[in-house]
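Undergrad: PDB, C-alpha atoms, saved as query-v5.pdb, coming up:
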MODEL        1
ATOM      1  CA  MET I   1       0.000   0.000   0.000  1.00  0.00           C
ATOM      2  CA  ALA I   2       2.865   2.361   0.708  1.00  0.00           C
ATOM      3  CA  SER I   3       3.856   2.255  -2.964  1.00  0.00           C
ATOM      4  CA  LEU I   4       0.383   3.559  -3.880  1.00  0.00           C
ATOM      5  CA  LEU I   5       0.583   6.717  -1.742  1.00  0.00           C
ATOM      6  CA  ALA I   6       2.338   8.908  -4.312  1.00  0.00           C
ATOM      7  CA  GLU I   7      -0.399   8.442  -6.905  1.00  0.00           C
ATOM      8  CA  PHE I   8      -3.507   7.567  -4.897  1.00  0.00           C
ATOM      9  CA  LYS I   9      -3.291   9.366  -1.537  1.00  0.00           C
ATOM     10  CA  GLY I  10      -6.799  10.506  -0.626  1.00  0.00           C
ATOM     11  CA  LYS I  11      -8.316   9.099  -3.824  1.00  0.00           C
ATOM     12  CA  VAL I  12      -9.402   5.548  -2.939  1.00  0.00           C
ATOM     13  CA  ASP I  13     -13.093   4.985  -2.220  1.00  0.00           C
ATOM     14  CA  LEU I  14     -12.979   1.398  -0.981  1.00  0.00           C
ATOM     15  CA  ILE I  15     -10.356  -0.874   0.553  1.00  0.00           C
ATOM     16  CA  TYR I  16     -10.968  -4.513   1.512  1.00  0.00           C
ATOM     17  CA  ILE I  17      -8.379  -6.445   3.511  1.00  0.00           C
ATOM     18  CA  ASP I  18      -8.414 -10.007   4.787  1.00  0.00           C
ATOM     19  CA  PRO I  19      -5.504 -10.107   7.244  1.00  0.00           C
ATOM     20  CA  PRO I  20      -4.295 -13.250   9.011  1.00  0.00           C
ATOM     21  CA  PHE I  21      -6.240 -14.083  12.166  1.00  0.00           C
ATOM     22  CA  ASP I  22      -3.357 -15.953  13.840  1.00  0.00           C
ATOM     23  CA  VAL I  23      -5.372 -19.151  14.231  1.00  0.00           C
ATOM     24  CA  GLY I  24      -2.306 -21.320  13.591  1.00  0.00           C
ATOM     25  CA  ALA I  25      -3.768 -23.141  10.583  1.00  0.00           C
ATOM     26  CA  ASP I  26      -2.274 -23.995   7.216  1.00  0.00           C
ATOM     27  CA  PHE I  27      -4.872 -23.557   4.485  1.00  0.00           C
ATOM     28  CA  THR I  28      -2.858 -25.030   1.638  1.00  0.00           C
ATOM     29  CA  MET I  29      -4.524 -27.951  -0.122  1.00  0.00           C
ATOM     30  CA  ASP I  30      -4.111 -30.516  -2.856  1.00  0.00           C
ATOM     31  CA  VAL I  31      -6.578 -30.456  -5.737  1.00  0.00           C
ATOM     32  CA  SER I  32      -7.494 -33.590  -7.679  1.00  0.00           C
ATOM     33  CA  ILE I  33      -7.636 -33.315 -11.454  1.00  0.00           C
ATOM     34  CA  GLY I  34      -9.806 -35.392 -13.762  1.00  0.00           C
ATOM     35  CA  ASN I  35     -10.438 -38.873 -12.426  1.00  0.00           C
ATOM     36  CA  GLU I  36      -8.265 -38.104  -9.385  1.00  0.00           C
ATOM     37  CA  LYS I  37      -5.438 -40.248 -10.753  1.00  0.00           C
ATOM     38  CA  GLU I  38      -3.846 -37.261 -12.425  1.00  0.00           C
ATOM     39  CA  THR I  39      -1.786 -34.775 -10.491  1.00  0.00           C
ATOM     40  CA  VAL I  40      -0.036 -31.558 -11.376  1.00  0.00           C
ATOM     41  CA  GLY I  41       2.965 -30.407  -9.408  1.00  0.00           C
ATOM     42  CA  LYS I  42       3.616 -26.737  -8.744  1.00  0.00           C
ATOM     43  CA  ASP I  43       5.973 -25.288  -6.194  1.00  0.00           C
ATOM     44  CA  GLN I  44       4.491 -22.485  -4.135  1.00  0.00           C
ATOM     45  CA  SER I  45       5.917 -19.017  -4.476  1.00  0.00           C
ATOM     46  CA  THR I  46       7.022 -17.256  -1.306  1.00  0.00           C
ATOM     47  CA  LEU I  47       3.869 -15.127  -1.452  1.00  0.00           C
ATOM     48  CA  GLU I  48       1.640 -18.212  -1.747  1.00  0.00           C
ATOM     49  CA  MET I  49       3.398 -19.866   1.198  1.00  0.00           C
ATOM     50  CA  VAL I  50       2.614 -16.863   3.397  1.00  0.00           C
ATOM     51  CA  ALA I  51      -0.874 -16.205   1.980  1.00  0.00           C
ATOM     52  CA  ASN I  52      -2.137 -19.724   2.656  1.00  0.00           C
ATOM     53  CA  ARG I  53      -0.996 -19.926   6.258  1.00  0.00           C
ATOM     54  CA  ASP I  54      -2.490 -18.220   9.265  1.00  0.00           C
ATOM     55  CA  MET I  55       0.462 -18.645  11.581  1.00  0.00           C
ATOM     56  CA  TRP I  56       1.728 -15.277  12.740  1.00  0.00           C
ATOM     57  CA  GLY I  57       4.199 -16.684  15.257  1.00  0.00           C
ATOM     58  CA  LYS I  58       5.777 -13.353  16.236  1.00  0.00           C
ATOM     59  CA  GLY I  59       3.515 -12.513  19.160  1.00  0.00           C
ATOM     60  CA  THR I  60       0.398 -10.411  19.592  1.00  0.00           C
ATOM     61  CA  ASP I  61       2.261  -7.102  19.950  1.00  0.00           C
ATOM     62  CA  SER I  62       4.034  -7.694  16.646  1.00  0.00           C
ATOM     63  CA  TYR I  63       0.743  -8.611  14.955  1.00  0.00           C
ATOM     64  CA  LEU I  64      -1.004  -5.497  16.283  1.00  0.00           C
ATOM     65  CA  HIS I  65       1.880  -3.293  15.150  1.00  0.00           C
ATOM     66  CA  MET I  66       1.698  -4.798  11.646  1.00  0.00           C
ATOM     67  CA  MET I  67      -2.053  -4.117  11.539  1.00  0.00           C
ATOM     68  CA  TYR I  68      -1.605  -0.576  12.881  1.00  0.00           C
ATOM     69  CA  GLU I  69       0.812   0.226  10.047  1.00  0.00           C
ATOM     70  CA  ARG I  70      -1.658  -1.091   7.479  1.00  0.00           C
ATOM     71  CA  PHE I  71      -4.596   0.832   8.967  1.00  0.00           C
ATOM     72  CA  TRP I  72      -2.526   4.022   8.885  1.00  0.00           C
ATOM     73  CA  LEU I  73      -1.729   3.441   5.192  1.00  0.00           C
ATOM     74  CA  MET I  74      -5.394   2.751   4.457  1.00  0.00           C
ATOM     75  CA  LYS I  75      -6.376   6.010   6.185  1.00  0.00           C
ATOM     76  CA  GLU I  76      -3.894   7.910   4.020  1.00  0.00           C
ATOM     77  CA  LEU I  77      -5.178   6.273   0.817  1.00  0.00           C
ATOM     78  CA  LEU I  78      -8.887   6.656   1.491  1.00  0.00           C
ATOM     79  CA  SER I  79     -10.823   9.587   0.093  1.00  0.00           C
ATOM     80  CA  GLU I  80     -12.971  11.732   2.371  1.00  0.00           C
ATOM     81  CA  ASN I  81     -15.915   9.412   1.641  1.00  0.00           C
ATOM     82  CA  GLY I  82     -13.805   6.240   1.425  1.00  0.00           C
ATOM     83  CA  THR I  83     -14.706   3.094   3.323  1.00  0.00           C
ATOM     84  CA  PRO I  84     -12.419   0.354   4.673  1.00  0.00           C
ATOM     85  CA  PHE I  85     -13.791  -3.189   4.945  1.00  0.00           C
ATOM     86  CA  VAL I  86     -11.819  -5.514   7.205  1.00  0.00           C
ATOM     87  CA  HIS I  87     -12.485  -9.243   7.461  1.00  0.00           C
ATOM     88  CA  CYS I  88     -11.757 -10.256  11.038  1.00  0.00           C
ATOM     89  CA  ASP I  89     -12.732 -12.833  13.621  1.00  0.00           C
ATOM     90  CA  GLN I  90     -12.722 -13.195  17.388  1.00  0.00           C
ATOM     91  CA  THR I  91      -9.021 -14.142  17.481  1.00  0.00           C
ATOM     92  CA  MET I  92      -7.683 -10.584  17.168  1.00  0.00           C
ATOM     93  CA  GLU I  93     -10.650  -8.226  16.755  1.00  0.00           C
ATOM     94  CA  HIS I  94     -10.860  -7.258  20.432  1.00  0.00           C
ATOM     95  CA  PHE I  95      -7.292  -5.983  20.809  1.00  0.00           C
ATOM     96  CA  ASP I  96      -6.539  -2.294  20.981  1.00  0.00           C
ATOM     97  CA  HIS I  97      -3.067  -1.181  19.918  1.00  0.00           C
ATOM     98  CA  VAL I  98      -2.233   2.073  21.686  1.00  0.00           C
TER
ENDMDL
END
Let me see the structure of the file written as structure tokens.
TA:
Amino acid sequence: MASLLAEFKGKVDLIYIDPPFDVGADFTMDVSIGNEKETVGKDQSTLEMVANRDMWGKGTDSYLHMMYERFWLMKELLSENGTPFVHCDQTMEHFDHV
């Protein structure tokens, strides 16, 4: 998001984020193809490895700091009438980073 500030600061009307919830799960999966006897191999990119896991592992303070930085960037990007949508669950939604 920081790379978007120069061009889009104050111009974005909607932002949706789906941050990790720190539930400790790995959401990667194998997908069967055809009659399930066929398989296709593909190594995950670094981004895919991170995106499919919900294992923060650096502690709650570190997680809240990461989220704070992202919320600040969203605030800078949003227009006066812009709206942020954040997908969250009970794992981290109740924390207040001050």
Undergrad: How would you write, as JSON, numbers by chain, the residues chosen by the PyMOL selection byres ((chain I and resi 10) around 6) on this structure?
TA: {"I": [9, 11, 77, 78, 79]}
Undergrad: Kindly provide, as a PyMOL selection string, the polymer residues lying within 8 Å of (-15.0, 1.3, 2.5), counting only C-alpha atoms and using the coordinates exactly as they appear in the file.
TA: chain I and resi 13-16+82-85
Undergrad: Just so the selection is clear, what residues does the PyMOL selection byres ((chain I and resi 1) around 10) cover here, as a PyMOL selection string?
TA: chain I and resi 2-5+8+70+73-74+76-77
Undergrad: What gap, in Å, lies between CA of Pro19 in chain I and CA of His87 in chain I?
TA: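 Computed distance, CA of Pro19 in chain I to CA of His87 in chain I, equals 7.0 Å.
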Undergrad: Of the candidates I:Ala6, I:Trp72, I:Asn35, I:Tyr63, which shows the shortest atom-to-atom distance to Pro20 in chain I, using only C-alpha atoms?
TA: I:Tyr63
Undergrad: I'd like the interatomic distance between CA of Asp61 in chain I and CA of Val12 in chain I, to a tenth of an Å.
TA: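 Separation of CA of Asp61 in chain I and CA of Val12 in chain I: 28.6 Å.
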